[in-house]
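K.L.:
Structure in C-alpha cells, see below.
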Amino acid sequence: MSYLTDEARAPFRREADGLPGPDSLEAIVAQNPTRRTLLRNGLFGLSVLPVMALAACDDTSGDPSVTLPPNPTPTPTPTPTPPPSFAVSFAAVAANQNDAVTVPAGYTVDVLLKAGDSVEAGAPYTGSFPTPAVAEKWAGGNHDGMEYFAFPGVDANNRGLLAINHELPDFNILMAGSYNAATATADQKALALSAVGISVVEISKGSDGKWAVQAGSTFNRRYTGNSSYRASGPAASRTSGTIKGMLNNCSSGRTPWDTYLTCEETMNNYLDLSQPDPDYGWVVEIDPRRELAQPTKRTAMGRFNHENVAYMTNSANRVAFYMGDDTTPGCIYKFVPAQAYSTTNRAANTDLLDNGTLYVARFNADGTGEWRALVVGQNGLTAGASDPGNVSQSTTPPPATIVNFNNQADVLLNCQSAARVAGGTVMDRPEWLTVAPDNKAVYCTLTNNSGRRVIDPANPRVTNLHGHIIKFREEGDSPLATKFSWEIFLTAGDPSLASGGSNLVGNIVGDTFSSPDGLRIDPQGRMWVQTDHSVPGSSGVAGRTIDQAFGHNAMFFIDQVSKQSKRFLVGPLGCEITGLAYTPDLRTFFVNIQHPTGNWPVAGQQPRSSTIVVRRTDNQPVGN
C-alpha cells in the first residue's frame, strides 16, 4: 500500500506462466539436455546391424575370403547446449539517492508503459490535462501488482498479455491542484476514477530484444473506476446490482486457470462518496483473454483491505488462495474453494471462487498455528458476538463492540471483525504473500506498524518502524491443511540505527532495508523482496531520514537458507518499488515504479508511475 493511499483515503475511511514443475519432463530435460537424446534414441533409434557379405567357396582359389563393408565415418555427437544457470551471481548495487533506476552491471532498463500512455485507441498524455473520455483510455496511475499471461500456442518468452494494477491516480497529469472528493465536480470525479483499476496490454519482444506494447491489439483494455462490475457469491445480494468501479487496486494474483485476481485495498469509494461501501473491498476476477465471465467481485473471499493473492495447489487440483489485510493491524487469510479446478476446461472454473471456506490465521506462541473457519455459527460467529477490536495499538484494551453475524453475508461483509472474533492474530500490516514452488513454505511481508504497543510472538516489536517477514508451513504441505508451523524469517532494520533503540536494528544478513512490501518466489525458488518505506520518513534516529539510512526504495534477492540479502535494483526519487512479473524463461522481469516525484522517467516532463523491463545484455536469466 502506498503511503499516498493512506493520505487519500484517511478522511473517508469507514480496506507468468511459471516454469514447469521440478519433476516434470520439461524440467528434467532442461537440467540435462542429453536426456532428450537418450529418450529419442531409446524409443526410435534402434539401428540395423550391417550384413556381412560372405564370398562363396572357390575350389580353385584356396581358402574362402570374407569381404567386410568399410567402417562408416562416425557422426560427431553434437555438443549439448548447456542449460541456463539460475544461480544468483549478480554484483549487488549500492544504496543510493539517485533520480534513476539503478541495476547491476550487465543489465538494461527500458520503460514499457507510463501513466497516461494509450492503452485503448486515443491520444496519449503530452503535457495537457485530458477530458474524462480521453483519460479513460490511458494507462492509470500508481502502477502496483501485475501478472504476465501467455497466449495458447504462442512462445510466451516473446509475446503475451500483461495485466497491471493502478492503485491511485497520478493526479499531476490529470488536473490542476489537489483532489477533494467532497467538493469535486463530475468531471473531476470521472478523471480520478479513470486512473484506478487495471490495464491489460498485449506486449511483444522485438528483434532488438526490447519489449513494446502492441498498439491496436484487441486485447488492450482498461477496467477503471468508472466501469461496471458484478458481484457473486454469498454476499452478492448485499451489494449494488451493478457496481460502479473498482479502485485502490493494490497488488494482485492469478488463478491456476489463468485469470487475473486484482485486489481492492479500500472498503469505501473515497474518490466518489456517493457510492455504497459494501460495493468495495473485494477480490475481483478478470479474464485477460475475455473468454470467461465478465469482471466479477468474488464475495466469498471476504471484504477487507486486500493486498495480494497467492495460491497453493496439490496433485488433486485442490487450491488455496492466501491473502493479507493491509491494515494497521490486519489479519492473514486463506480461501479454499469447495471443489477442485479443471485443468482441461477453463469455463468449468468460472464460478469456482463463489463457494468455499474462508479462514483466518492464528499464530500461537509455541510456533504452531491454526486456520480458523470464518463460517457463521462457528468460532463465535453468531448474533451478539463480541469484537475485541484492535488490541495491539494500545496498552489499554479498547471497549469491545457487539456484532451480529446472522448469516454468511454478515461474516463476509464484516470480515475484519469476524476475524478478530474468531481469534485471528492481528499482524503488522500483512502485505504480499508468496508460496514456494514445492509448497514447503509460505511467506508474508509485515511492512511495519509504528503504532504497535502490545506485542506477541508473531509481532515482537513495539513501534515496529521497519517491519519483518514471517514464514509458515502448512501441515503436510497441503493447501487443505487447517494447521501450520511458523517462524519469523527476518526482521528489517539496520545496525547503524542502534542509537535509536534495538527495535531499529533488525537481523538482515547483507544489504539492509526497511518496510518489506512486494514479495515473490519465482519458479526457480528465488525470493525477491521490494520495499515501500515512506518518503520522506524517519529512520527512527533523530536527524536522519529513512532515505539517508537505506537509500531509495529498492528490490532485493534473499537466499531462503542463508538469508543473505543482495540489493538488485534501486528506484528513482520518491518512488515505491512494487509489482513483479516475468517471462517463463526468466530472462525478462517486469517491475513497477510507483509515484516517482523527481525528473523520471522522461527528463523535463511530469514524473509518472511506470512499468519497466529489466533484462541482461547477454540474454541470460535475470539474477545470473
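Residues are named by chain letter and number: chains run A, B, ... in the order of the C-alpha cells, numbers start at 1 in each chain, and ligands are numbered from 1 in the order shown.
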Skipping near chain neighbours, those fewer than 6 positions away, what residues fall within 10 Å of region 177-186 of chain A using only C-alpha atoms, listed as JSON, numbers by chain?
P.N.:
{"A": [8, 9, 11, 12, 132, 171, 192, 269, 270, 271, 272, 273, 274]}
K.L.:
Near Gly356 (chain A), within 9 Å and counting only C-alpha atoms, which residues show up once chain neighbours fewer than 5 positions away are dropped, as a list in words?
P.N.:
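Contacts, in chain order: Ala300, Met301, Phe335, Val336, Pro337, Ala338 and Gln339 of chain A.
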K.L.:
Determine, counting only C-alpha atoms, which protein, DNA and RNA residues have an atom within 6 Å of an atom of Leu161 (chain A); residues of the same chain fewer than 4 positions away are not included. Present the result as a PyMOL selection string.
P.N.:
chain A and resi 148-149+201-202
K.L.:
Residues as selected, N, CA and C atoms, written as a tab-separated table (two decimals), in the first residue's frame, can you do that?
P.N.:
```
chain	number	residue	atom	x	y	z
A	148	TYR	N	1.79	-11.70	-15.74
A	148	TYR	CA	2.05	-11.92	-17.16
A	148	TYR	C	1.35	-13.21	-17.60
A	149	PHE	N	0.61	-13.15	-18.70
A	149	PHE	CA	-0.17	-14.28	-19.17
A	149	PHE	C	0.24	-14.68	-20.59
A	201	VAL	N	-2.57	-5.14	-21.47
A	201	VAL	CA	-1.93	-4.79	-22.73
A	201	VAL	C	-1.24	-6.01	-23.32
A	202	GLU	N	-1.32	-6.14	-24.63
A	202	GLU	CA	-0.51	-7.13	-25.33
A	202	GLU	C	0.88	-6.56	-25.53
```
K.L.:
If we count only C-alpha atoms, what is near Gly506 (chain A) at a cut-off of 9 Å, once residues fewer than 2 positions away on the same chain are taken out, given as a PyMOL selection string?
P.N.:
chain A and resi 466-468+490-495+502-504+508+512
K.L.:
Restricting the calculation to only C-alpha atoms: of A:Asn98, A:Ser450, A:Asn507, A:Thr357, which residue gets closest to His533 (chain A)?
P.N.:
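Once distances to His533 (chain A) are computed over only C-alpha atoms, the minimum belongs to A:Ser450.
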K.L.:
Just to confirm, what's the straight-line distance from CA of Asp387 (chain A) to CA of Gly324 (chain A) in Å (one decimal)?
P.N.:
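About the pair CA of Asp387 (chain A) and CA of Gly324 (chain A): they are 19.6 Å apart.
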K.L.:
Can you pull out the residues contacting Ile612 (chain A)? Cut-off 9 Å, using only C-alpha atoms, and skip same-chain residues under 2 positions away; I want them as a PyMOL selection string.
P.N.:
chain A and resi 109-114+589-593+610+614
K.L.:
Once you have the residues from the selection above, write them out as an mmCIF file, in the first residue's frame, restricted to all heavy atoms.
P.N.:
```
data_model
loop_
_atom_site.group_PDB
_atom_site.id
_atom_site.type_symbol
_atom_site.label_atom_id
_atom_site.label_comp_id
_atom_site.auth_asym_id
_atom_site.auth_seq_id
_atom_site.Cartn_x
_atom_site.Cartn_y
_atom_site.Cartn_z
ATOM 1 N N VAL A 109 17.563 -1.363 -18.574
ATOM 2 C CA VAL A 109 16.231 -0.970 -18.109
ATOM 3 C C VAL A 109 15.546 -0.196 -19.231
ATOM 4 O O VAL A 109 16.107 0.760 -19.768
ATOM 5 C CB VAL A 109 16.311 -0.086 -16.846
ATOM 6 C CG1 VAL A 109 14.923 0.428 -16.463
ATOM 7 C CG2 VAL A 109 16.926 -0.859 -15.688
ATOM 8 N N ASP A 110 14.338 -0.622 -19.589
ATOM 9 C CA ASP A 110 13.516 0.091 -20.565
ATOM 10 C C ASP A 110 12.169 0.397 -19.941
ATOM 11 O O ASP A 110 11.623 -0.430 -19.192
ATOM 12 C CB ASP A 110 13.310 -0.744 -21.836
ATOM 13 C CG ASP A 110 14.616 -1.030 -22.558
ATOM 14 O OD1 ASP A 110 15.326 -0.064 -22.884
ATOM 15 O OD2 ASP A 110 14.926 -2.223 -22.784
ATOM 16 N N VAL A 111 11.621 1.561 -20.253
ATOM 17 C CA VAL A 111 10.279 1.922 -19.781
ATOM 18 C C VAL A 111 9.266 1.365 -20.770
ATOM 19 O O VAL A 111 9.328 1.649 -21.973
ATOM 20 C CB VAL A 111 10.137 3.442 -19.642
ATOM 21 C CG1 VAL A 111 8.715 3.811 -19.237
ATOM 22 C CG2 VAL A 111 11.132 3.977 -18.616
ATOM 23 N N LEU A 112 8.326 0.569 -20.278
ATOM 24 C CA LEU A 112 7.343 -0.090 -21.127
ATOM 25 C C LEU A 112 6.032 0.673 -21.201
ATOM 26 O O LEU A 112 5.480 0.879 -22.289
ATOM 27 C CB LEU A 112 7.086 -1.505 -20.606
ATOM 28 C CG LEU A 112 6.039 -2.331 -21.362
ATOM 29 C CD1 LEU A 112 6.567 -2.718 -22.737
ATOM 30 C CD2 LEU A 112 5.675 -3.589 -20.560
ATOM 31 N N LEU A 113 5.487 1.092 -20.047
ATOM 32 C CA LEU A 113 4.157 1.709 -20.018
ATOM 33 C C LEU A 113 4.098 2.726 -18.887
ATOM 34 O O LEU A 113 4.238 2.373 -17.724
ATOM 35 C CB LEU A 113 3.071 0.646 -19.825
ATOM 36 C CG LEU A 113 1.619 1.141 -19.912
ATOM 37 C CD1 LEU A 113 1.279 1.526 -21.349
ATOM 38 C CD2 LEU A 113 0.646 0.088 -19.402
ATOM 39 N N LYS A 114 3.866 3.978 -19.251
ATOM 40 C CA LYS A 114 3.778 5.069 -18.279
ATOM 41 C C LYS A 114 2.323 5.450 -18.041
ATOM 42 O O LYS A 114 1.470 5.275 -18.921
ATOM 43 C CB LYS A 114 4.531 6.301 -18.799
ATOM 44 C CG LYS A 114 5.977 6.049 -19.192
ATOM 45 C CD LYS A 114 6.655 7.310 -19.693
ATOM 46 C CE LYS A 114 6.070 7.825 -20.993
ATOM 47 N NZ LYS A 114 6.261 6.906 -22.129
ATOM 48 N N PHE A 589 12.212 -9.496 -16.698
ATOM 49 C CA PHE A 589 11.466 -9.140 -15.488
ATOM 50 C C PHE A 589 10.728 -7.829 -15.747
ATOM 51 O O PHE A 589 11.285 -6.886 -16.320
ATOM 52 C CB PHE A 589 12.412 -8.943 -14.292
ATOM 53 C CG PHE A 589 12.703 -10.200 -13.516
ATOM 54 C CD1 PHE A 589 12.699 -11.441 -14.119
ATOM 55 C CD2 PHE A 589 12.995 -10.131 -12.162
ATOM 56 C CE1 PHE A 589 12.965 -12.598 -13.402
ATOM 57 C CE2 PHE A 589 13.265 -11.270 -11.422
ATOM 58 C CZ PHE A 589 13.256 -12.516 -12.035
ATOM 59 N N PHE A 590 9.480 -7.781 -15.307
ATOM 60 C CA PHE A 590 8.680 -6.557 -15.354
ATOM 61 C C PHE A 590 8.531 -6.063 -13.918
ATOM 62 O O PHE A 590 8.136 -6.818 -13.026
ATOM 63 C CB PHE A 590 7.310 -6.823 -15.971
ATOM 64 C CG PHE A 590 7.373 -7.469 -17.325
ATOM 65 C CD1 PHE A 590 7.200 -8.840 -17.470
ATOM 66 C CD2 PHE A 590 7.609 -6.719 -18.464
ATOM 67 C CE1 PHE A 590 7.271 -9.453 -18.710
ATOM 68 C CE2 PHE A 590 7.677 -7.309 -19.714
ATOM 69 C CZ PHE A 590 7.502 -8.684 -19.849
ATOM 70 N N VAL A 591 8.840 -4.799 -13.673
ATOM 71 C CA VAL A 591 8.809 -4.205 -12.338
ATOM 72 C C VAL A 591 8.097 -2.858 -12.427
ATOM 73 O O VAL A 591 8.226 -2.150 -13.430
ATOM 74 C CB VAL A 591 10.243 -4.013 -11.782
ATOM 75 C CG1 VAL A 591 10.224 -3.346 -10.412
ATOM 76 C CG2 VAL A 591 10.984 -5.346 -11.717
ATOM 77 N N ASN A 592 7.354 -2.501 -11.377
ATOM 78 C CA ASN A 592 6.649 -1.223 -11.372
ATOM 79 C C ASN A 592 7.333 -0.202 -10.473
ATOM 80 O O ASN A 592 7.766 -0.512 -9.363
ATOM 81 C CB ASN A 592 5.198 -1.408 -10.922
ATOM 82 C CG ASN A 592 4.344 -1.978 -12.031
ATOM 83 O OD1 ASN A 592 4.573 -1.705 -13.205
ATOM 84 N ND2 ASN A 592 3.360 -2.792 -11.682
ATOM 85 N N ILE A 593 7.420 1.021 -10.994
ATOM 86 C CA ILE A 593 7.948 2.172 -10.259
ATOM 87 C C ILE A 593 6.744 3.067 -9.957
ATOM 88 O O ILE A 593 6.172 3.678 -10.857
ATOM 89 C CB ILE A 593 8.995 2.940 -11.089
ATOM 90 C CG1 ILE A 593 10.073 1.984 -11.633
ATOM 91 C CG2 ILE A 593 9.591 4.065 -10.263
ATOM 92 C CD1 ILE A 593 10.908 1.317 -10.581
ATOM 93 N N SER A 610 5.362 4.070 -13.715
ATOM 94 C CA SER A 610 5.683 3.355 -14.947
ATOM 95 C C SER A 610 6.014 1.894 -14.679
ATOM 96 O O SER A 610 6.485 1.537 -13.597
ATOM 97 C CB SER A 610 6.889 3.999 -15.652
ATOM 98 O OG SER A 610 6.651 5.350 -15.972
ATOM 99 N N VAL A 614 13.387 -5.202 -17.197
ATOM 100 C CA VAL A 614 14.776 -5.412 -16.798
ATOM 101 C C VAL A 614 15.274 -6.693 -17.454
ATOM 102 O O VAL A 614 14.638 -7.750 -17.340
ATOM 103 C CB VAL A 614 14.906 -5.507 -15.266
ATOM 104 C CG1 VAL A 614 16.366 -5.714 -14.858
ATOM 105 C CG2 VAL A 614 14.334 -4.258 -14.600
#
```
K.L.:
Applying 12 Å and only C-alpha atoms, which residues near Pro288 (chain A) remain after dropping the ones on its own chain fewer than 5 positions away? List them as number ranges by chain.
P.N.:
A: 146-151, 160-164, 198-202, 218-223, 254-255, 257-262, 293-295
K.L.:
DSSP on the backbone, strand (DSSP E) only: what residues of region 327-492 of chain A does that give? Format it as JSON, numbers by chain.
P.N.:
{"A": [332, 333, 334, 335, 336, 337, 356, 357, 358, 359, 360, 361, 362, 363, 368, 369, 370, 371, 372, 373, 385, 386, 387, 401, 402, 403, 430, 431, 432, 433, 434, 435, 442, 443, 444, 445, 446, 468, 469, 470, 471, 472, 473, 474, 483, 484, 485, 486, 487, 488, 489, 490, 491]}
K.L.:
Taking 4 positions as the minimum chain separation for residues in the same chain, which residues sit within 12 Å of Asp326 (chain A) when counting only C-alpha atoms? Answer as an MDAnalysis selection string.
P.N.:
chainID A and resid 1:3 5:6 15 248 250:251 263:267 281 303:308 330:333 416 426:433 444:449 517
K.L.:
Kindly save the residues from that selection, with C-alpha atoms included, as a PDB file, in the first residue's frame.
P.N.:
```pdb
ATOM      1  CA  MET A   1       0.000   0.000   0.000  1.00  0.00           C
ATOM      2  CA  SER A   2       1.324   3.403  -0.942  1.00  0.00           C
ATOM      3  CA  TYR A   3       1.553   5.966   1.844  1.00  0.00           C
ATOM      4  CA  THR A   5      -3.249   5.848  -0.428  1.00  0.00           C
ATOM      5  CA  ASP A   6      -3.365   6.249   3.330  1.00  0.00           C
ATOM      6  CA  GLU A  15      -9.996  -1.807   3.034  1.00  0.00           C
ATOM      7  CA  ASN A 248      -7.315   1.120  -4.883  1.00  0.00           C
ATOM      8  CA  CYS A 250      -3.109  -2.641  -4.902  1.00  0.00           C
ATOM      9  CA  SER A 251      -1.401  -5.932  -5.519  1.00  0.00           C
ATOM     10  CA  CYS A 263      -7.348  -6.660  -5.109  1.00  0.00           C
ATOM     11  CA  GLU A 264      -9.283  -3.672  -3.793  1.00  0.00           C
ATOM     12  CA  GLU A 265      -7.366  -2.186  -0.889  1.00  0.00           C
ATOM     13  CA  THR A 266     -10.203   0.007   0.277  1.00  0.00           C
ATOM     14  CA  MET A 267     -13.607  -0.672   1.782  1.00  0.00           C
ATOM     15  CA  GLY A 281     -13.089  -4.201  -0.553  1.00  0.00           C
ATOM     16  CA  ARG A 303     -14.232  -7.951   2.300  1.00  0.00           C
ATOM     17  CA  PHE A 304     -11.201  -6.158   3.730  1.00  0.00           C
ATOM     18  CA  ASN A 305      -8.209  -4.069   2.589  1.00  0.00           C
ATOM     19  CA  HIS A 306      -6.827  -6.675   0.204  1.00  0.00           C
ATOM     20  CA  GLU A 307      -3.145  -6.549  -0.699  1.00  0.00           C
ATOM     21  CA  ASN A 308      -2.446  -9.557  -2.936  1.00  0.00           C
ATOM     22  CA  GLY A 330      -4.754  -6.701   9.914  1.00  0.00           C
ATOM     23  CA  CYS A 331      -5.020 -10.468   9.640  1.00  0.00           C
ATOM     24  CA  ILE A 332      -3.843 -13.164   7.214  1.00  0.00           C
ATOM     25  CA  TYR A 333      -6.486 -15.228   5.431  1.00  0.00           C
ATOM     26  CA  GLN A 416     -12.180  -7.865   9.835  1.00  0.00           C
ATOM     27  CA  VAL A 426      -3.723  -9.131  14.255  1.00  0.00           C
ATOM     28  CA  MET A 427      -0.473  -8.618  12.368  1.00  0.00           C
ATOM     29  CA  ASP A 428       1.700  -5.623  11.443  1.00  0.00           C
ATOM     30  CA  ARG A 429       0.150  -4.723   8.066  1.00  0.00           C
ATOM     31  CA  PRO A 430       0.200  -8.024   6.157  1.00  0.00           C
ATOM     32  CA  GLU A 431       1.023  -7.191   2.567  1.00  0.00           C
ATOM     33  CA  TRP A 432       2.253  -9.636  -0.081  1.00  0.00           C
ATOM     34  CA  LEU A 433       2.229 -13.398   0.379  1.00  0.00           C
ATOM     35  CA  CYS A 444       4.227 -12.835   4.197  1.00  0.00           C
ATOM     36  CA  THR A 445       5.693  -9.344   4.446  1.00  0.00           C
ATOM     37  CA  LEU A 446       4.640  -7.417   7.553  1.00  0.00           C
ATOM     38  CA  THR A 447       5.544  -3.980   6.277  1.00  0.00           C
ATOM     39  CA  ASN A 448       5.529  -2.005   9.529  1.00  0.00           C
ATOM     40  CA  ASN A 449       3.335  -0.838  12.409  1.00  0.00           C
ATOM     41  CA  ASP A 517       6.236  -4.987   0.802  1.00  0.00           C
TER      42      ASP A 517
END
```
K.L.:
With only C-alpha atoms as the atoms that count, which of A:Asn459, A:Gly518, A:Thr482, A:Ala176 lies nearest to Ser128 (chain A)?
P.N.:
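Using only C-alpha atoms, the shortest distance to Ser128 (chain A) belongs to A:Ala176.
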K.L.:
One number please: CA of Gly579 (chain A) to CA of Thr299 (chain A), in Å, one decimal.
P.N.:
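Interatomic distance here is 24.3 Å.
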K.L.:
Would you compute the distance between CA of Lys205 (chain A) and CA of Pro621 (chain A)? Give it in Å to one decimal.
P.N.:
15.4 Å
